[in-house]
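**Student:** I'm passing along entry-v5.cif; it holds mmCIF, N, CA and C atoms and all ligand atoms.
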```cif
data_final
#
loop_
_atom_site.label_atom_id
_atom_site.label_comp_id
_atom_site.auth_asym_id
_atom_site.auth_seq_id
_atom_site.Cartn_x
_atom_site.Cartn_y
_atom_site.Cartn_z
N MET A 1 -35.22 18.18 -14.33
CA MET A 1 -35.68 18.60 -13.00
C MET A 1 -35.85 17.39 -12.07
N LYS A 2 -36.50 16.36 -12.63
CA LYS A 2 -36.71 15.14 -11.83
C LYS A 2 -35.38 14.57 -11.36
N ILE A 3 -34.43 14.62 -12.27
CA ILE A 3 -33.11 14.08 -11.94
C ILE A 3 -32.50 14.86 -10.79
N LEU A 4 -32.69 16.17 -10.84
CA LEU A 4 -32.15 17.03 -9.80
C LEU A 4 -32.76 16.67 -8.44
N ILE A 5 -34.08 16.44 -8.42
CA ILE A 5 -34.74 16.08 -7.17
C ILE A 5 -34.23 14.74 -6.67
N ALA A 6 -34.14 13.78 -7.58
CA ALA A 6 -33.65 12.46 -7.19
C ALA A 6 -32.25 12.56 -6.62
N PHE A 7 -31.47 13.37 -7.24
CA PHE A 7 -30.08 13.55 -6.80
C PHE A 7 -30.04 14.16 -5.39
N THR A 8 -30.89 15.16 -5.19
CA THR A 8 -30.94 15.80 -3.87
C THR A 8 -31.34 14.81 -2.80
N ILE A 9 -32.33 13.99 -3.13
CA ILE A 9 -32.79 12.99 -2.15
C ILE A 9 -31.67 12.01 -1.85
N LEU A 10 -30.96 11.62 -2.91
CA LEU A 10 -29.86 10.68 -2.75
C LEU A 10 -28.80 11.24 -1.80
N ILE A 11 -28.45 12.49 -2.03
CA ILE A 11 -27.43 13.13 -1.19
C ILE A 11 -27.92 13.18 0.25
N CYS A 12 -29.19 13.51 0.42
CA CYS A 12 -29.75 13.59 1.76
C CYS A 12 -29.64 12.23 2.43
N PHE A 13 -30.02 11.19 1.70
CA PHE A 13 -29.98 9.85 2.29
C PHE A 13 -28.57 9.45 2.67
N SER A 14 -27.62 9.72 1.78
CA SER A 14 -26.27 9.27 2.08
C SER A 14 -25.71 10.04 3.26
N SER A 15 -26.04 11.33 3.38
CA SER A 15 -25.49 12.06 4.52
C SER A 15 -26.20 11.66 5.81
N CYS A 16 -27.50 11.34 5.71
CA CYS A 16 -28.22 10.91 6.91
C CYS A 16 -27.66 9.61 7.44
N SER A 17 -27.46 8.65 6.52
CA SER A 17 -26.99 7.35 6.99
C SER A 17 -25.58 7.48 7.55
N LYS A 18 -24.82 8.42 7.01
CA LYS A 18 -23.48 8.62 7.52
C LYS A 18 -23.54 9.13 8.96
N ASP A 19 -24.44 10.07 9.20
CA ASP A 19 -24.59 10.60 10.56
C ASP A 19 -24.84 9.48 11.57
N LYS A 20 -25.68 8.55 11.14
CA LYS A 20 -26.05 7.47 12.05
C LYS A 20 -24.85 6.59 12.41
N SER A 21 -24.02 6.29 11.38
CA SER A 21 -22.92 5.36 11.63
C SER A 21 -21.81 6.01 12.45
N THR A 22 -21.83 7.32 12.57
CA THR A 22 -20.76 7.98 13.30
C THR A 22 -21.34 8.72 14.51
N ASN A 23 -21.98 7.96 15.32
CA ASN A 23 -22.64 8.54 16.47
C ASN A 23 -21.67 8.74 17.63
N LEU A 24 -20.59 9.42 17.37
CA LEU A 24 -19.57 9.60 18.39
C LEU A 24 -19.53 11.04 18.84
N PRO A 25 -19.19 11.28 20.09
CA PRO A 25 -18.95 12.67 20.48
C PRO A 25 -17.76 13.20 19.69
N THR A 26 -17.87 14.44 19.24
CA THR A 26 -16.84 15.02 18.37
C THR A 26 -15.45 14.89 18.98
N SER A 27 -15.37 14.96 20.29
CA SER A 27 -14.07 14.95 20.94
C SER A 27 -13.34 13.62 20.75
N SER A 28 -14.07 12.52 20.47
CA SER A 28 -13.38 11.25 20.34
C SER A 28 -13.04 10.92 18.89
N ILE A 29 -13.33 11.83 17.98
CA ILE A 29 -12.93 11.62 16.59
C ILE A 29 -11.51 12.15 16.41
N PRO A 30 -10.58 11.27 16.07
CA PRO A 30 -9.21 11.75 15.90
C PRO A 30 -9.09 12.68 14.70
N ARG A 31 -8.15 13.63 14.79
CA ARG A 31 -7.89 14.52 13.66
C ARG A 31 -6.53 14.16 13.07
N PHE A 32 -6.30 14.64 11.86
CA PHE A 32 -4.99 14.37 11.25
C PHE A 32 -3.89 14.94 12.15
N ASN A 33 -4.10 16.19 12.52
CA ASN A 33 -3.14 16.86 13.39
C ASN A 33 -3.69 16.90 14.81
N PRO A 34 -3.13 16.17 15.77
CA PRO A 34 -1.86 15.47 15.66
C PRO A 34 -1.98 13.95 15.50
N THR A 35 -3.14 13.34 15.78
CA THR A 35 -3.21 11.89 16.00
C THR A 35 -2.72 11.05 14.82
N ILE A 36 -3.32 11.28 13.65
CA ILE A 36 -3.00 10.44 12.49
C ILE A 36 -1.57 10.73 12.01
N GLN A 37 -1.21 12.00 12.06
CA GLN A 37 0.12 12.40 11.63
C GLN A 37 1.21 11.69 12.46
N ILE A 38 0.97 11.57 13.75
CA ILE A 38 1.97 10.90 14.61
C ILE A 38 2.09 9.42 14.25
N ILE A 39 0.97 8.79 13.98
CA ILE A 39 1.00 7.36 13.59
C ILE A 39 1.82 7.20 12.31
N ILE A 40 1.58 8.08 11.35
CA ILE A 40 2.29 7.99 10.06
C ILE A 40 3.77 8.27 10.26
N GLN A 41 4.06 9.31 11.04
CA GLN A 41 5.47 9.67 11.24
C GLN A 41 6.23 8.57 11.96
N THR A 42 5.57 7.91 12.89
CA THR A 42 6.24 6.87 13.66
C THR A 42 6.42 5.59 12.85
N ASN A 43 5.44 5.26 12.01
CA ASN A 43 5.44 3.93 11.40
C ASN A 43 5.63 3.88 9.89
N CYS A 44 5.45 5.00 9.20
CA CYS A 44 5.35 4.92 7.75
C CYS A 44 6.28 5.86 7.00
N ILE A 45 6.58 7.01 7.60
CA ILE A 45 7.24 8.06 6.82
C ILE A 45 8.65 7.67 6.39
N SER A 46 9.28 6.75 7.12
CA SER A 46 10.63 6.34 6.75
C SER A 46 10.66 5.81 5.32
N CYS A 47 9.59 5.20 4.88
CA CYS A 47 9.51 4.71 3.49
C CYS A 47 8.59 5.56 2.62
N HIS A 48 7.75 6.38 3.25
CA HIS A 48 6.75 7.12 2.47
C HIS A 48 6.92 8.63 2.59
N ASP A 49 8.17 9.08 2.42
CA ASP A 49 8.38 10.53 2.43
C ASP A 49 8.00 11.11 1.07
N VAL A 50 8.31 12.37 0.88
CA VAL A 50 7.85 13.08 -0.32
C VAL A 50 8.44 12.49 -1.61
N THR A 51 9.56 11.77 -1.50
CA THR A 51 10.19 11.21 -2.70
C THR A 51 9.64 9.83 -3.05
N SER A 52 8.81 9.26 -2.18
CA SER A 52 8.27 7.91 -2.41
C SER A 52 7.25 7.91 -3.54
N THR A 53 7.03 6.74 -4.15
CA THR A 53 5.97 6.63 -5.15
C THR A 53 4.60 6.70 -4.48
N VAL A 54 4.55 6.41 -3.18
CA VAL A 54 3.32 6.55 -2.39
C VAL A 54 3.61 7.50 -1.24
N PRO A 55 3.68 8.81 -1.53
CA PRO A 55 4.07 9.76 -0.48
C PRO A 55 2.98 9.92 0.59
N MET A 56 3.41 10.11 1.83
CA MET A 56 2.48 10.32 2.95
C MET A 56 3.01 11.43 3.83
N HIS A 57 3.58 12.45 3.21
CA HIS A 57 4.31 13.47 3.97
C HIS A 57 3.42 14.59 4.48
N ASP A 58 2.18 14.70 3.97
CA ASP A 58 1.31 15.78 4.46
C ASP A 58 -0.15 15.33 4.45
N PHE A 59 -1.01 16.24 4.90
CA PHE A 59 -2.44 15.91 5.01
C PHE A 59 -3.01 15.46 3.67
N ASN A 60 -2.74 16.22 2.61
CA ASN A 60 -3.35 15.92 1.31
C ASN A 60 -2.95 14.55 0.78
N SER A 61 -1.69 14.21 0.94
CA SER A 61 -1.23 12.93 0.41
C SER A 61 -1.85 11.76 1.18
N VAL A 62 -1.98 11.92 2.49
CA VAL A 62 -2.57 10.85 3.30
C VAL A 62 -4.08 10.76 3.05
N GLN A 63 -4.71 11.93 2.91
CA GLN A 63 -6.15 11.94 2.65
C GLN A 63 -6.47 11.24 1.33
N LEU A 64 -5.63 11.46 0.34
CA LEU A 64 -5.81 10.84 -0.97
C LEU A 64 -5.81 9.31 -0.84
N LEU A 65 -4.87 8.79 -0.08
CA LEU A 65 -4.79 7.33 0.12
C LEU A 65 -5.95 6.83 0.96
N ALA A 66 -6.42 7.67 1.88
CA ALA A 66 -7.57 7.29 2.71
C ALA A 66 -8.80 7.16 1.82
N LEU A 67 -9.02 8.15 0.95
CA LEU A 67 -10.23 8.17 0.13
C LEU A 67 -10.21 7.09 -0.95
N SER A 68 -9.03 6.70 -1.39
CA SER A 68 -8.95 5.67 -2.43
C SER A 68 -9.14 4.27 -1.84
N GLY A 69 -9.12 4.18 -0.49
CA GLY A 69 -9.26 2.87 0.16
C GLY A 69 -7.92 2.19 0.39
N GLN A 70 -6.85 2.75 -0.14
CA GLN A 70 -5.54 2.11 -0.03
C GLN A 70 -5.00 2.13 1.39
N LEU A 71 -5.26 3.24 2.12
CA LEU A 71 -4.69 3.38 3.46
C LEU A 71 -5.19 2.26 4.38
N LEU A 72 -6.51 2.16 4.51
CA LEU A 72 -7.06 1.13 5.38
C LEU A 72 -6.84 -0.26 4.78
N GLY A 73 -6.94 -0.34 3.46
CA GLY A 73 -6.72 -1.62 2.78
C GLY A 73 -5.34 -2.17 3.09
N SER A 74 -4.34 -1.31 3.06
CA SER A 74 -2.98 -1.79 3.29
C SER A 74 -2.78 -2.23 4.74
N LEU A 75 -3.59 -1.71 5.64
CA LEU A 75 -3.44 -2.05 7.07
C LEU A 75 -4.27 -3.27 7.47
N THR A 76 -5.40 -3.48 6.80
CA THR A 76 -6.34 -4.50 7.30
C THR A 76 -6.72 -5.58 6.29
N ASP A 77 -6.63 -5.28 5.01
CA ASP A 77 -7.13 -6.23 4.02
C ASP A 77 -6.23 -7.46 3.95
N THR A 78 -6.84 -8.62 3.92
CA THR A 78 -6.04 -9.84 3.86
C THR A 78 -6.26 -10.60 2.55
N SER A 79 -7.01 -9.98 1.63
CA SER A 79 -7.33 -10.68 0.38
C SER A 79 -6.18 -10.63 -0.62
N GLY A 80 -5.19 -9.79 -0.34
CA GLY A 80 -4.10 -9.65 -1.28
C GLY A 80 -4.33 -8.53 -2.29
N GLN A 81 -5.44 -7.82 -2.14
CA GLN A 81 -5.72 -6.70 -3.06
C GLN A 81 -4.73 -5.55 -2.85
N TYR A 82 -4.27 -5.40 -1.61
CA TYR A 82 -3.32 -4.34 -1.30
C TYR A 82 -2.03 -4.95 -0.73
N LEU A 83 -0.94 -4.25 -0.95
CA LEU A 83 0.30 -4.61 -0.27
C LEU A 83 0.08 -4.42 1.22
N HIS A 84 0.51 -5.37 2.03
CA HIS A 84 0.27 -5.21 3.47
C HIS A 84 1.29 -4.25 4.08
N MET A 85 0.78 -3.35 4.93
CA MET A 85 1.61 -2.33 5.58
C MET A 85 1.39 -2.33 7.09
N PRO A 86 2.33 -1.91 7.91
CA PRO A 86 3.69 -1.60 7.49
C PRO A 86 4.43 -2.88 7.11
N VAL A 87 5.41 -2.77 6.23
CA VAL A 87 6.16 -3.93 5.75
C VAL A 87 6.66 -4.75 6.93
N GLY A 88 6.34 -6.02 6.94
CA GLY A 88 6.87 -6.93 7.96
C GLY A 88 6.16 -6.89 9.30
N GLY A 89 5.01 -6.22 9.40
CA GLY A 89 4.34 -6.19 10.71
C GLY A 89 2.92 -5.69 10.63
N ASN A 90 2.39 -5.37 11.78
CA ASN A 90 1.03 -4.83 11.87
C ASN A 90 1.04 -3.62 12.78
N LEU A 91 0.18 -2.66 12.48
CA LEU A 91 -0.04 -1.58 13.45
C LEU A 91 -0.86 -2.16 14.59
N PRO A 92 -0.68 -1.64 15.81
CA PRO A 92 -1.54 -2.06 16.91
C PRO A 92 -3.02 -1.79 16.55
N GLU A 93 -3.88 -2.68 17.00
CA GLU A 93 -5.32 -2.58 16.72
C GLU A 93 -5.86 -1.18 17.00
N GLN A 94 -5.40 -0.58 18.09
CA GLN A 94 -5.92 0.72 18.50
C GLN A 94 -5.58 1.81 17.48
N LYS A 95 -4.40 1.72 16.91
CA LYS A 95 -3.99 2.71 15.89
C LYS A 95 -4.81 2.53 14.62
N ILE A 96 -5.02 1.27 14.25
CA ILE A 96 -5.83 0.99 13.05
C ILE A 96 -7.23 1.55 13.25
N ASN A 97 -7.75 1.37 14.46
CA ASN A 97 -9.09 1.87 14.79
C ASN A 97 -9.17 3.38 14.68
N GLU A 98 -8.13 4.06 15.16
CA GLU A 98 -8.11 5.52 15.08
C GLU A 98 -8.15 5.97 13.61
N ILE A 99 -7.38 5.28 12.78
CA ILE A 99 -7.35 5.63 11.36
C ILE A 99 -8.71 5.37 10.73
N LYS A 100 -9.32 4.26 11.12
CA LYS A 100 -10.64 3.89 10.59
C LYS A 100 -11.69 4.95 10.95
N ILE A 101 -11.71 5.35 12.20
CA ILE A 101 -12.69 6.36 12.65
C ILE A 101 -12.43 7.69 11.95
N TRP A 102 -11.14 8.00 11.79
CA TRP A 102 -10.77 9.25 11.09
C TRP A 102 -11.33 9.25 9.67
N ILE A 103 -11.17 8.12 8.97
CA ILE A 103 -11.65 8.03 7.58
C ILE A 103 -13.18 8.08 7.54
N GLU A 104 -13.81 7.34 8.45
CA GLU A 104 -15.29 7.31 8.48
C GLU A 104 -15.88 8.69 8.74
N ASN A 105 -15.10 9.56 9.36
CA ASN A 105 -15.58 10.90 9.67
C ASN A 105 -15.01 11.96 8.73
N ASP A 106 -14.72 11.54 7.51
CA ASP A 106 -14.28 12.44 6.44
C ASP A 106 -12.93 13.10 6.69
N CYS A 107 -12.04 12.38 7.33
CA CYS A 107 -10.65 12.80 7.45
C CYS A 107 -10.46 14.24 7.94
N PRO A 108 -10.93 14.57 9.14
CA PRO A 108 -10.70 15.94 9.62
C PRO A 108 -9.22 16.26 9.77
N ASN A 109 -8.86 17.48 9.37
CA ASN A 109 -7.44 17.88 9.40
C ASN A 109 -7.04 18.33 10.81
C1 LIG B 1 9.96 -0.55 5.10
C2 LIG B 1 9.33 0.39 4.22
C3 LIG B 1 7.85 0.68 4.39
C4 LIG B 1 7.17 1.03 5.53
C5 LIG B 1 7.72 1.19 6.94
C6 LIG B 1 5.81 1.28 5.14
N1 LIG B 1 5.67 1.09 3.79
FE1 LIG B 1 3.95 1.32 2.69
N2 LIG B 1 4.91 0.73 1.02
C7 LIG B 1 6.25 0.41 0.93
C8 LIG B 1 6.57 0.02 -0.44
C9 LIG B 1 7.92 -0.41 -0.95
C10 LIG B 1 5.34 0.10 -1.16
C11 LIG B 1 5.12 -0.19 -2.64
C12 LIG B 1 4.99 1.08 -3.41
C13 LIG B 1 6.30 1.76 -3.54
O1 LIG B 1 7.21 1.20 -4.16
O2 LIG B 1 6.47 2.88 -2.97
C14 LIG B 1 4.33 0.56 -0.22
C15 LIG B 1 3.02 0.78 -0.57
C16 LIG B 1 2.08 1.31 0.28
C17 LIG B 1 0.71 1.63 -0.07
C18 LIG B 1 0.05 1.36 -1.41
C19 LIG B 1 -0.45 -0.08 -1.29
C20 LIG B 1 -1.36 -0.54 -2.37
O3 LIG B 1 -1.41 -1.75 -2.59
O4 LIG B 1 -2.03 0.29 -2.99
C21 LIG B 1 0.10 2.15 1.03
C22 LIG B 1 -1.32 2.64 1.16
C23 LIG B 1 1.09 2.15 2.09
N3 LIG B 1 2.28 1.63 1.61
C24 LIG B 1 0.84 2.57 3.36
C25 LIG B 1 1.73 2.44 4.42
C26 LIG B 1 1.40 2.79 5.78
C27 LIG B 1 0.06 3.34 6.24
C28 LIG B 1 2.51 2.55 6.52
C29 LIG B 1 2.68 2.74 8.01
C30 LIG B 1 1.70 2.12 8.87
C31 LIG B 1 3.54 2.03 5.62
N4 LIG B 1 3.02 1.98 4.35
C32 LIG B 1 4.81 1.67 6.00
C33 LIG B 1 7.17 0.45 1.95
C34 LIG B 1 6.88 0.72 3.28
#
```
As structure tokens, how would this structure be written, given the file I've shared?
Ligand code: HEC
**Tutor:**
Amino acid sequence: MKILIAFTILICFSSCSKDKSTNLPTSSIPRFNPTIQIIIQTNCISCHDVTSTVPMHDFNSVQLLALSGQLLGSLTDTSGQYLHMPVGGNLPEQKINEIKIWIENDCPN
């Protein structure tokens, strides 16, 4: 029982702190459809279609990479932990930001 209470409190805390960090009007939170999808289609899908080892052809496949940290890692990480994407360049800062806000807000479809 104690564990259950502790767990409930933990969940409450994590959701509360999340609310604080995302103090944005709902309208400025990008959604997968269309914002994120367009970024992927324009910059990534040529190499990451359904036949790729890292597919990004639909919401579920992109969400999976977002939740694993690979999506943002590949765009911004410079430690070498992730392959840098897109190959041979960088997404514009504004696009990276949209993806970041999308992930921070639980990847709305
Ligand atoms: C020119 C081809 C090409 C383009 C364009 C490209 N990628 Fe990749 N990407 C690859 C290859 C090759 C790999 C290595 C895995 C594999 O063989 O499929 C990879 C791997 C990845 C991984 C896994 C990285 C890791 O270390 O875990 C992610 C995430 C990723 N790409 C995201 C993207 C995103 C987001 C874009 C668009 C902004 C993009 N890629 C554009 C070719 C590409």
**Student:** Pull the closest atom pair for each residue of chain A that gets at most 7 Å from ligand LIG 1 (chain B), along with the distance in Å to one decimal, counting only N, CA and C atoms and all ligand atoms, ordering rows by chain and then ascending residue number, as CSV.
**Tutor:**
```
residue,atom,partner,partner_atom,distance
A:Ile39,C,B:LIG1,C30,6.1
A:Ile40,CA,B:LIG1,C29,5.6
A:Thr42,C,B:LIG1,C29,6.7
A:Asn43,C,B:LIG1,C29,3.7
A:Cys44,CA,B:LIG1,C29,3.5
A:Ile45,N,B:LIG1,C29,5.8
A:Ser46,C,B:LIG1,C2,5.7
A:Cys47,CA,B:LIG1,C2,4.4
A:His48,N,B:LIG1,N1,5.7
A:Ser52,C,B:LIG1,O2,5.1
A:Thr53,N,B:LIG1,O2,4.1
A:Val54,N,B:LIG1,O2,4.0
A:Pro55,N,B:LIG1,O2,6.7
A:Leu65,CA,B:LIG1,C22,5.9
A:Gly69,C,B:LIG1,C22,6.7
A:Gln70,C,B:LIG1,C22,3.7
A:Leu71,N,B:LIG1,C22,4.1
A:Leu72,N,B:LIG1,C22,6.2
A:Gly73,C,B:LIG1,C22,6.6
A:Ser74,CA,B:LIG1,C22,5.2
A:Leu75,N,B:LIG1,C27,6.3
A:Gln81,C,B:LIG1,O3,5.1
A:Tyr82,CA,B:LIG1,O3,3.5
A:Leu83,N,B:LIG1,O3,3.0
A:His84,N,B:LIG1,O3,6.2
A:Met85,CA,B:LIG1,N4,4.7
A:Pro86,CA,B:LIG1,C32,3.8
A:Val87,N,B:LIG1,C6,4.2
A:Gly88,N,B:LIG1,C1,6.8
A:Asn90,C,B:LIG1,C30,7.0
A:Leu91,CA,B:LIG1,C30,6.1
```
**Student:** Between A:Asn60, A:Gln94, A:Thr76, A:Asn105, which one has atoms that come closest to Ile29 of chain A, using all atoms listed in the file?
**Tutor:** A:Asn105
**Student:** What is the distance between atom N of Trp102 of chain A and atom N of Pro30 of chain A, in Å to one decimal?
**Tutor:** 5.4 Å
**Student:** Of the residues A:Glu93, A:Asp106, A:Phe59, A:Gly80, which is the one nearest to Gln37 of chain A, using all atoms listed in the file?
**Tutor:** A:Phe59
**Student:** Here is a test: counting only N, CA and C atoms, which residue of A:Asn33, A:Ser28, A:Met56, A:Val50 is nearest to Ile101 of chain A?
**Tutor:**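 Looking at the shortest contact to Ile101 of chain A, the residue is A:Ser28.
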**Student:** Using 6 Å of padding on each side, determine the axis-aligned box around all atoms of segment 48-57 of chain A present in the file and give its centre and edge lengths in Å to one decimal, as lines of an AutoDock Vina configuration file.
**Tutor:**
```
center_x = 6.3
center_y = 10.5
center_z = -0.3
size_x = 19.7
size_y = 20.2
size_z = 21.6
```
